[in-house]
$ cat my_file_16.cif   # mmCIF, C-alpha atoms and all ligand atoms; chains and numbers go by the auth columns
data_structure
#
loop_
_atom_site.group_PDB
_atom_site.id
_atom_site.type_symbol
_atom_site.label_atom_id
_atom_site.label_comp_id
_atom_site.label_asym_id
_atom_site.label_seq_id
_atom_site.Cartn_x
_atom_site.Cartn_y
_atom_site.Cartn_z
_atom_site.B_iso_or_equiv
_atom_site.auth_seq_id
_atom_site.auth_asym_id
ATOM 1 C CA MET A 1 -21.972 8.622 18.857 0.00 1 S
ATOM 2 C CA LEU A 2 -25.066 10.419 17.583 0.00 2 S
ATOM 3 C CA SER A 3 -26.433 10.869 21.091 0.00 3 S
ATOM 4 C CA LEU A 4 -23.094 12.337 22.148 0.00 4 S
ATOM 5 C CA PHE A 5 -23.418 14.855 19.336 0.00 5 S
ATOM 6 C CA PHE A 6 -26.839 15.930 20.563 0.00 6 S
ATOM 7 C CA GLU A 7 -25.677 16.138 24.152 0.00 7 S
ATOM 8 C CA LEU A 8 -22.765 18.365 23.213 0.00 8 S
ATOM 9 C CA GLY A 9 -24.996 20.504 21.009 0.00 9 S
ATOM 10 C CA GLU A 10 -27.539 20.894 23.785 0.00 10 S
ATOM 11 C CA PHE A 11 -24.876 21.799 26.305 0.00 11 S
ATOM 12 C CA ASN A 12 -23.349 24.474 24.108 0.00 12 S
ATOM 13 C CA HIS A 13 -26.746 25.856 23.150 0.00 13 S
ATOM 14 C CA SER A 14 -27.807 26.294 26.745 0.00 14 S
ATOM 15 C CA SER A 15 -24.588 28.187 27.473 0.00 15 S
ATOM 16 C CA SER A 16 -25.598 30.351 24.463 0.00 16 S
ATOM 17 C CA LYS A 17 -22.107 30.428 23.006 0.00 17 S
ATOM 18 C CA ASN A 18 -22.814 29.702 19.383 0.00 18 S
ATOM 19 C CA ILE A 19 -19.162 29.783 18.442 0.00 19 S
ATOM 20 C CA PHE A 20 -18.543 26.789 20.713 0.00 20 S
ATOM 21 C CA THR A 21 -21.422 24.924 19.122 0.00 21 S
ATOM 22 C CA MET A 22 -19.804 25.571 15.767 0.00 22 S
ATOM 23 C CA LYS A 23 -16.401 24.431 16.990 0.00 23 S
ATOM 24 C CA THR A 24 -17.879 21.296 18.515 0.00 24 S
ATOM 25 C CA PHE A 25 -19.685 20.534 15.301 0.00 25 S
ATOM 26 C CA LEU A 26 -16.514 20.952 13.232 0.00 26 S
ATOM 27 C CA LEU A 27 -14.570 18.798 15.666 0.00 27 S
ATOM 28 C CA ILE A 28 -17.118 15.997 15.427 0.00 28 S
ATOM 29 C CA ALA A 29 -17.296 16.345 11.638 0.00 29 S
ATOM 30 C CA ALA A 30 -13.502 16.133 11.442 0.00 30 S
ATOM 31 C CA THR A 31 -13.572 12.999 13.617 0.00 31 S
ATOM 32 C CA PHE A 32 -16.029 11.365 11.216 0.00 32 S
ATOM 33 C CA VAL A 33 -13.905 12.299 8.199 0.00 33 S
ATOM 34 C CA CYS A 34 -10.790 10.856 9.861 0.00 34 S
ATOM 35 C CA ALA A 35 -12.612 7.655 10.759 0.00 35 S
ATOM 36 C CA THR A 36 -13.717 7.260 7.127 0.00 36 S
ATOM 37 C CA VAL A 37 -10.212 7.838 5.801 0.00 37 S
ATOM 38 C CA PHE A 38 -8.723 5.324 8.232 0.00 38 S
ATOM 39 C CA ALA A 39 -11.357 2.751 7.353 0.00 39 S
ATOM 40 C CA GLN A 40 -10.151 2.801 3.746 0.00 40 S
ATOM 41 C CA LYS A 41 -6.513 2.373 4.670 0.00 41 S
ATOM 42 C CA SER A 42 -5.385 -1.227 4.426 0.00 42 S
ATOM 43 C CA THR A 43 -2.005 -2.722 5.119 0.00 43 S
ATOM 44 C CA THR A 44 -0.647 -5.944 3.702 0.00 44 S
ATOM 45 C CA SER A 45 2.696 -7.545 3.023 0.00 45 S
ATOM 46 C CA PHE A 46 3.828 -10.159 0.546 0.00 46 S
ATOM 47 C CA LYS A 47 7.054 -11.597 -0.761 0.00 47 S
ATOM 48 C CA VAL A 48 8.749 -10.040 -3.768 0.00 48 S
ATOM 49 C CA SER A 49 11.952 -11.557 -5.170 0.00 49 S
ATOM 50 C CA GLY A 50 14.918 -9.228 -5.448 0.00 50 S
ATOM 51 C CA ASN A 51 18.590 -8.727 -4.573 0.00 51 S
ATOM 52 C CA CYS A 52 19.899 -5.281 -3.906 0.00 52 S
ATOM 53 C CA SER A 53 19.118 -1.662 -3.191 0.00 53 S
ATOM 54 C CA MET A 54 18.472 -1.118 -6.901 0.00 54 S
ATOM 55 C CA CYS A 55 15.797 -3.803 -6.745 0.00 55 S
ATOM 56 C CA LYS A 56 14.341 -2.024 -3.749 0.00 56 S
ATOM 57 C CA LYS A 57 14.010 1.148 -5.810 0.00 57 S
ATOM 58 C CA HIS A 58 12.469 -0.712 -8.760 0.00 58 S
ATOM 59 C CA ILE A 59 10.017 -2.672 -6.621 0.00 59 S
ATOM 60 C CA GLU A 60 8.920 0.297 -4.533 0.00 60 S
ATOM 61 C CA LYS A 61 8.539 2.467 -7.625 0.00 61 S
ATOM 62 C CA ALA A 62 6.416 -0.171 -9.363 0.00 62 S
ATOM 63 C CA ALA A 63 4.309 -0.670 -6.249 0.00 63 S
ATOM 64 C CA THR A 64 3.705 3.020 -5.632 0.00 64 S
ATOM 65 C CA THR A 65 0.793 3.475 -7.963 0.00 65 S
ATOM 66 C CA GLY A 66 -2.673 5.019 -7.667 0.00 66 S
ATOM 67 C CA GLY A 67 -4.235 4.190 -4.298 0.00 67 S
ATOM 68 C CA VAL A 68 -0.950 3.130 -2.689 0.00 68 S
ATOM 69 C CA THR A 69 0.283 5.505 -0.008 0.00 69 S
ATOM 70 C CA LYS A 70 3.327 3.579 1.153 0.00 70 S
ATOM 71 C CA ALA A 71 5.440 0.736 -0.219 0.00 71 S
ATOM 72 C CA ILE A 72 8.507 -0.479 1.684 0.00 72 S
ATOM 73 C CA TRP A 73 10.518 -3.475 0.511 0.00 73 S
ATOM 74 C CA SER A 74 12.998 -5.147 2.813 0.00 74 S
ATOM 75 C CA GLN A 75 16.192 -6.475 1.255 0.00 75 S
ATOM 76 C CA ASP A 76 16.621 -8.872 4.193 0.00 76 S
ATOM 77 C CA THR A 77 13.181 -10.438 4.394 0.00 77 S
ATOM 78 C CA LYS A 78 12.170 -9.848 0.715 0.00 78 S
ATOM 79 C CA LYS A 79 8.843 -8.646 2.037 0.00 79 S
ATOM 80 C CA LEU A 80 7.024 -5.668 0.636 0.00 80 S
ATOM 81 C CA THR A 81 4.819 -3.857 3.113 0.00 81 S
ATOM 82 C CA LEU A 82 2.032 -1.976 1.457 0.00 82 S
ATOM 83 C CA THR A 83 -0.298 0.696 2.765 0.00 83 S
ATOM 84 C CA TYR A 84 -3.110 1.283 0.333 0.00 84 S
ATOM 85 C CA ASN A 85 -6.702 2.355 -0.180 0.00 85 S
ATOM 86 C CA ALA A 86 -8.631 -0.861 -0.715 0.00 86 S
ATOM 87 C CA ALA A 87 -11.417 1.091 -2.410 0.00 87 S
ATOM 88 C CA LYS A 88 -9.004 2.169 -5.151 0.00 88 S
ATOM 89 C CA ILE A 89 -6.639 -0.756 -5.663 0.00 89 S
ATOM 90 C CA SER A 90 -6.215 -4.366 -4.559 0.00 90 S
ATOM 91 C CA SER A 91 -3.118 -6.172 -3.359 0.00 91 S
ATOM 92 C CA ASP A 92 -3.380 -8.356 -6.479 0.00 92 S
ATOM 93 C CA GLN A 93 -3.321 -5.349 -8.786 0.00 93 S
ATOM 94 C CA VAL A 94 -0.188 -4.046 -7.081 0.00 94 S
ATOM 95 C CA GLN A 95 1.451 -7.473 -7.432 0.00 95 S
ATOM 96 C CA GLN A 96 0.649 -7.404 -11.161 0.00 96 S
ATOM 97 C CA LYS A 97 2.362 -4.003 -11.484 0.00 97 S
ATOM 98 C CA ILE A 98 5.463 -5.350 -9.740 0.00 98 S
ATOM 99 C CA ALA A 99 5.445 -8.459 -11.938 0.00 99 S
ATOM 100 C CA ALA A 100 5.266 -6.214 -15.011 0.00 100 S
ATOM 101 C CA ALA A 101 8.482 -4.564 -13.796 0.00 101 S
ATOM 102 C CA GLY A 102 10.200 -7.971 -13.845 0.00 102 S
ATOM 103 C CA TYR A 103 9.948 -9.082 -10.243 0.00 103 S
ATOM 104 C CA ASP A 104 8.278 -12.255 -9.023 0.00 104 S
ATOM 105 C CA THR A 105 5.638 -11.767 -6.353 0.00 105 S
ATOM 106 C CA GLU A 106 3.764 -14.351 -4.302 0.00 106 S
ATOM 107 C CA LYS A 107 0.957 -14.577 -6.832 0.00 107 S
ATOM 108 C CA TYR A 108 2.403 -13.391 -10.110 0.00 108 S
ATOM 109 C CA ARG A 109 5.487 -14.293 -12.087 0.00 109 S
ATOM 110 C CA GLY A 110 7.666 -11.376 -13.173 0.00 110 S
ATOM 111 C CA ASP A 111 7.559 -10.438 -16.828 0.00 111 S
ATOM 112 C CA ASP A 112 10.413 -12.279 -18.614 0.00 112 S
ATOM 113 C CA LYS A 113 11.361 -9.377 -20.891 0.00 113 S
ATOM 114 C CA ALA A 114 11.424 -6.912 -18.019 0.00 114 S
ATOM 115 C CA TYR A 115 13.468 -9.384 -15.972 0.00 115 S
ATOM 116 C CA SER A 116 16.109 -9.773 -18.729 0.00 116 S
ATOM 117 C CA ALA A 117 16.302 -6.000 -19.032 0.00 117 S
ATOM 118 C CA LEU A 118 17.244 -5.638 -15.361 0.00 118 S
ATOM 119 C CA ASP A 119 20.837 -4.924 -14.354 0.00 119 S
ATOM 120 C CA GLU A 120 22.914 -8.060 -13.850 0.00 120 S
ATOM 121 C CA CYS A 121 23.009 -7.570 -10.092 0.00 121 S
ATOM 122 C CA CYS A 122 19.234 -7.360 -10.065 0.00 122 S
ATOM 123 C CA GLN A 123 18.675 -10.660 -11.864 0.00 123 S
ATOM 124 C CA TYR A 124 17.744 -12.539 -8.723 0.00 124 S
ATOM 125 C CA ASP A 125 17.576 -16.334 -8.660 0.00 125 S
ATOM 126 C CA ARG A 126 14.201 -17.288 -9.991 0.00 126 S
ATOM 127 C CA LYS A 127 12.043 -20.186 -8.947 0.00 127 S
ATOM 128 C CA LYS A 128 13.394 -23.502 -10.221 0.00 128 S
ATOM 129 C CA THR A 129 10.016 -24.229 -11.801 0.00 129 S
ATOM 130 C CA ASN A 130 10.929 -21.940 -14.650 0.00 130 S
ATOM 131 C CA THR A 131 12.104 -24.235 -17.474 0.00 131 S
ATOM 132 C CA LYS A 132 13.128 -21.428 -19.847 0.00 132 S
ATOM 133 C CA THR A 133 15.905 -19.991 -17.713 0.00 133 S
ATOM 134 C CA SER A 134 16.938 -23.175 -15.905 0.00 134 S
ATOM 135 C CA ASN A 135 19.260 -24.282 -18.793 0.00 135 S
ATOM 136 C CA HIS A 136 22.355 -22.629 -17.374 0.00 136 S
ATOM 137 C CA GLN A 137 21.975 -24.158 -13.929 0.00 137 S
HETATM 138 CU CU CU B . 18.988 -5.234 -7.779 0.00 1 C
#

$ encode --input "my_file_16.cif" --output "structure tokens" --more "lines below"
Ligand SMILES: [Cu+2]
Amino acid sequence: MLSLFFELGEFNHSSSKNIFTMKTFLLIAATFVCATVFAQKSTTSFKVSGNCSMCKKHIEKAATTGGVTKAIWSQDTKKLTLTYNAAKISSDQVQQKIAAAGYDTEKYRGDDKAYSALDECCQYDRKKTNTKTSNHQ
């Protein structure tokens, strides 16, 4: 990559069109910047419990926090697909944010108070391991 830069620079210099040298330099610089940005972009997906389109809004809102560029939850598969900057936030941290909003994720259990505060339609069936809310079953 570096040798390519020198080759291009040499070529443009010999044709004595400095403006082209400048353009080439900017183009290469832009390529490096893009490569760096893409390197920091990670994608992951994990399961988040939920029922309806309201849940989708809640989950995606909770997941869209600093460092997250995209959060899409599927009502059918219950999977949240996350695009994020791994240098700024981890998948675990995002799961904690979602759990704080009352939704169970793969790694973290949704906050009980936040869960009870959800609309009735949003109170998805929780894991049977939960002894506190299994009384009514
Ligand atoms: Cu809901």

$ resolve_selection --input "my_file_16.cif" --expression "the PyMOL selection byres (((not hetatm)) within 6 of (chain C and resi 1))" --output "list of chain:residue names"
S:Asn51, S:Cys52, S:Ser53, S:Met54, S:Cys55, S:Cys121, S:Cys122

$ write_last_selection --input "my_file_16.cif" --atoms "C-alpha atoms" --output "PDB file, in the coordinates of the input"
ATOM      1  CA  ASN S  51      18.590  -8.727  -4.573  1.00  0.00           C
ATOM      2  CA  CYS S  52      19.899  -5.281  -3.906  1.00  0.00           C
ATOM      3  CA  SER S  53      19.118  -1.662  -3.191  1.00  0.00           C
ATOM      4  CA  MET S  54      18.472  -1.118  -6.901  1.00  0.00           C
ATOM      5  CA  CYS S  55      15.797  -3.803  -6.745  1.00  0.00           C
ATOM      6  CA  CYS S 121      23.009  -7.570 -10.092  1.00  0.00           C
ATOM      7  CA  CYS S 122      19.234  -7.360 -10.065  1.00  0.00           C
TER       8      CYS S 122
END

$ closest_residue --input "my_file_16.cif" --among "S:Lys113, S:Lys97, S:Lys88, S:Arg126" --to "Gly50 of chain S" --atoms "all atoms listed in the file"
S:Arg126

$ resolve_selection --input "my_file_16.cif" --expression "the PyMOL selection byres (((chain S and resi 110) around 12) and not hetatm)" --output "number ranges by chain"
S: 48-50, 59, 62, 95-109, 111-118, 123-127, 130

$ residues_around --input "my_file_16.cif" --residues "segment 66-79 of chain S" --least-positions-apart "2" --cutoff "6 Å" --atoms "all atoms listed in the file" --output "PDB file with C-alpha atoms, in the frame of the given file"
ATOM      1  CA  PHE S  46       3.828 -10.159   0.546  1.00  0.00           C
ATOM      2  CA  LYS S  47       7.054 -11.597  -0.761  1.00  0.00           C
ATOM      3  CA  VAL S  48       8.749 -10.040  -3.768  1.00  0.00           C
ATOM      4  CA  LYS S  56      14.341  -2.024  -3.749  1.00  0.00           C
ATOM      5  CA  GLU S  60       8.920   0.297  -4.533  1.00  0.00           C
ATOM      6  CA  THR S  64       3.705   3.020  -5.632  1.00  0.00           C
ATOM      7  CA  THR S  81       4.819  -3.857   3.113  1.00  0.00           C
ATOM      8  CA  LEU S  82       2.032  -1.976   1.457  1.00  0.00           C
ATOM      9  CA  THR S  83      -0.298   0.696   2.765  1.00  0.00           C
ATOM     10  CA  TYR S  84      -3.110   1.283   0.333  1.00  0.00           C
ATOM     11  CA  ASN S  85      -6.702   2.355  -0.180  1.00  0.00           C
ATOM     12  CA  LYS S  88      -9.004   2.169  -5.151  1.00  0.00           C
ATOM     13  CA  ILE S  89      -6.639  -0.756  -5.663  1.00  0.00           C
TER      14      ILE S  89
END

$ closest_residue --input "my_file_16.cif" --among "S:Val33, S:Leu26, S:Ala87, S:Val94" --to "Ala63 of chain S" --atoms "all atoms listed in the file"
S:Val94

$ atom_distance --input "my_file_16.cif" --atom1 "atom CA of Ser42 of chain S" --atom2 "atom CA of Leu80 of chain S"
13.7 Å

$ axis_aligned_box --input "my_file_16.cif" --around "segment 75-83 of chain S" --padding-each-side "4 Å" --output "AutoDock Vina command-line options"
--center_x 8.2 --center_y -4.9 --center_z 2.5 --size_x 24.9 --size_y 19.1 --size_z 11.8

$ atom_distance --input "my_file_16.cif" --atom1 "atom CA of Thr44 of chain S" --atom2 "atom CA of Lys61 of chain S"
16.8 Å

$ atom_distance --input "my_file_16.cif" --atom1 "atom CA of Ser45 of chain S" --atom2 "atom CA of Ala86 of chain S"
13.7 Å

$ closest_residue --input "my_file_16.cif" --among "S:Glu120, S:Ile28, S:Ser90, S:Lys23" --to "Lys41 of chain S" --atoms "only C-alpha atoms"
S:Ser90

$ decode --input "my_file_16.cif" --residues "segment 70-104 of chain S" --atoms "N, CA and C atoms" --output "compact mmCIF listing (two decimals), in the first residue's frame"
# COMPACT_ATOMS: atom_id res chain seq x y z
N LYS S 70 -26.64 1.21 14.71
CA LYS S 70 -27.87 0.61 14.21
C LYS S 70 -28.32 -0.51 15.13
N ALA S 71 -29.60 -0.54 15.44
CA ALA S 71 -30.17 -1.60 16.27
C ALA S 71 -31.52 -1.99 15.69
N ILE S 72 -31.62 -3.20 15.19
CA ILE S 72 -32.87 -3.69 14.58
C ILE S 72 -33.31 -4.97 15.28
N TRP S 73 -34.49 -4.92 15.87
CA TRP S 73 -35.04 -6.11 16.54
C TRP S 73 -36.13 -6.71 15.68
N SER S 74 -36.08 -8.03 15.55
CA SER S 74 -37.09 -8.72 14.76
C SER S 74 -38.13 -9.36 15.67
N GLN S 75 -39.39 -9.01 15.43
CA GLN S 75 -40.50 -9.55 16.22
C GLN S 75 -40.64 -11.06 15.98
N ASP S 76 -40.29 -11.51 14.80
CA ASP S 76 -40.42 -12.94 14.46
C ASP S 76 -39.34 -13.79 15.11
N THR S 77 -38.10 -13.38 14.95
CA THR S 77 -36.99 -14.21 15.43
C THR S 77 -36.54 -13.82 16.84
N LYS S 78 -37.01 -12.68 17.36
CA LYS S 78 -36.61 -12.14 18.67
C LYS S 78 -35.11 -11.82 18.72
N LYS S 79 -34.55 -11.62 17.54
CA LYS S 79 -33.11 -11.33 17.49
C LYS S 79 -32.90 -9.84 17.27
N LEU S 80 -31.96 -9.30 18.02
CA LEU S 80 -31.56 -7.92 17.83
C LEU S 80 -30.24 -7.91 17.09
N THR S 81 -30.22 -7.21 15.96
CA THR S 81 -28.98 -7.08 15.20
C THR S 81 -28.41 -5.70 15.45
N LEU S 82 -27.17 -5.72 15.87
CA LEU S 82 -26.52 -4.51 16.36
C LEU S 82 -25.31 -4.17 15.49
N THR S 83 -25.23 -2.91 15.10
CA THR S 83 -24.01 -2.42 14.46
C THR S 83 -23.43 -1.37 15.39
N TYR S 84 -22.20 -1.60 15.82
CA TYR S 84 -21.65 -0.72 16.84
C TYR S 84 -20.14 -0.55 16.69
N ASN S 85 -19.63 0.45 17.39
CA ASN S 85 -18.20 0.72 17.41
C ASN S 85 -17.61 0.02 18.64
N ALA S 86 -16.89 -1.05 18.38
CA ALA S 86 -16.37 -1.88 19.48
C ALA S 86 -15.38 -1.12 20.36
N ALA S 87 -14.84 -0.02 19.85
CA ALA S 87 -13.91 0.78 20.65
C ALA S 87 -14.67 1.61 21.68
N LYS S 88 -15.96 1.82 21.44
CA LYS S 88 -16.75 2.68 22.32
C LYS S 88 -17.67 1.90 23.27
N ILE S 89 -18.19 0.78 22.80
CA ILE S 89 -19.16 0.04 23.61
C ILE S 89 -19.07 -1.45 23.27
N SER S 90 -19.40 -2.29 24.24
CA SER S 90 -19.38 -3.73 24.00
C SER S 90 -20.80 -4.26 23.88
N SER S 91 -20.92 -5.43 23.30
CA SER S 91 -22.22 -6.08 23.17
C SER S 91 -22.85 -6.29 24.56
N ASP S 92 -22.00 -6.63 25.54
CA ASP S 92 -22.48 -6.83 26.91
C ASP S 92 -23.10 -5.56 27.49
N GLN S 93 -22.43 -4.44 27.25
CA GLN S 93 -22.93 -3.17 27.77
C GLN S 93 -24.29 -2.82 27.18
N VAL S 94 -24.45 -3.13 25.89
CA VAL S 94 -25.74 -2.87 25.24
C VAL S 94 -26.81 -3.77 25.84
N GLN S 95 -26.44 -5.04 26.09
CA GLN S 95 -27.40 -5.98 26.69
C GLN S 95 -27.83 -5.51 28.07
N GLN S 96 -26.90 -4.91 28.82
CA GLN S 96 -27.23 -4.39 30.15
C GLN S 96 -28.24 -3.24 30.04
N LYS S 97 -28.07 -2.39 29.02
CA LYS S 97 -28.99 -1.27 28.81
C LYS S 97 -30.39 -1.79 28.51
N ILE S 98 -30.45 -2.83 27.69
CA ILE S 98 -31.75 -3.41 27.31
C ILE S 98 -32.39 -4.06 28.54
N ALA S 99 -31.59 -4.74 29.33
CA ALA S 99 -32.09 -5.38 30.55
C ALA S 99 -32.64 -4.33 31.51
N ALA S 100 -31.97 -3.18 31.57
CA ALA S 100 -32.43 -2.10 32.45
C ALA S 100 -33.80 -1.57 32.01
N ALA S 101 -34.12 -1.74 30.72
CA ALA S 101 -35.41 -1.30 30.20
C ALA S 101 -36.49 -2.35 30.43
N GLY S 102 -36.11 -3.50 31.00
CA GLY S 102 -37.09 -4.52 31.36
C GLY S 102 -37.15 -5.72 30.45
N TYR S 103 -36.22 -5.82 29.54
CA TYR S 103 -36.24 -6.94 28.59
C TYR S 103 -35.09 -7.91 28.84
N ASP S 104 -35.41 -9.19 28.85
CA ASP S 104 -34.38 -10.21 29.02
C ASP S 104 -33.53 -10.31 27.76
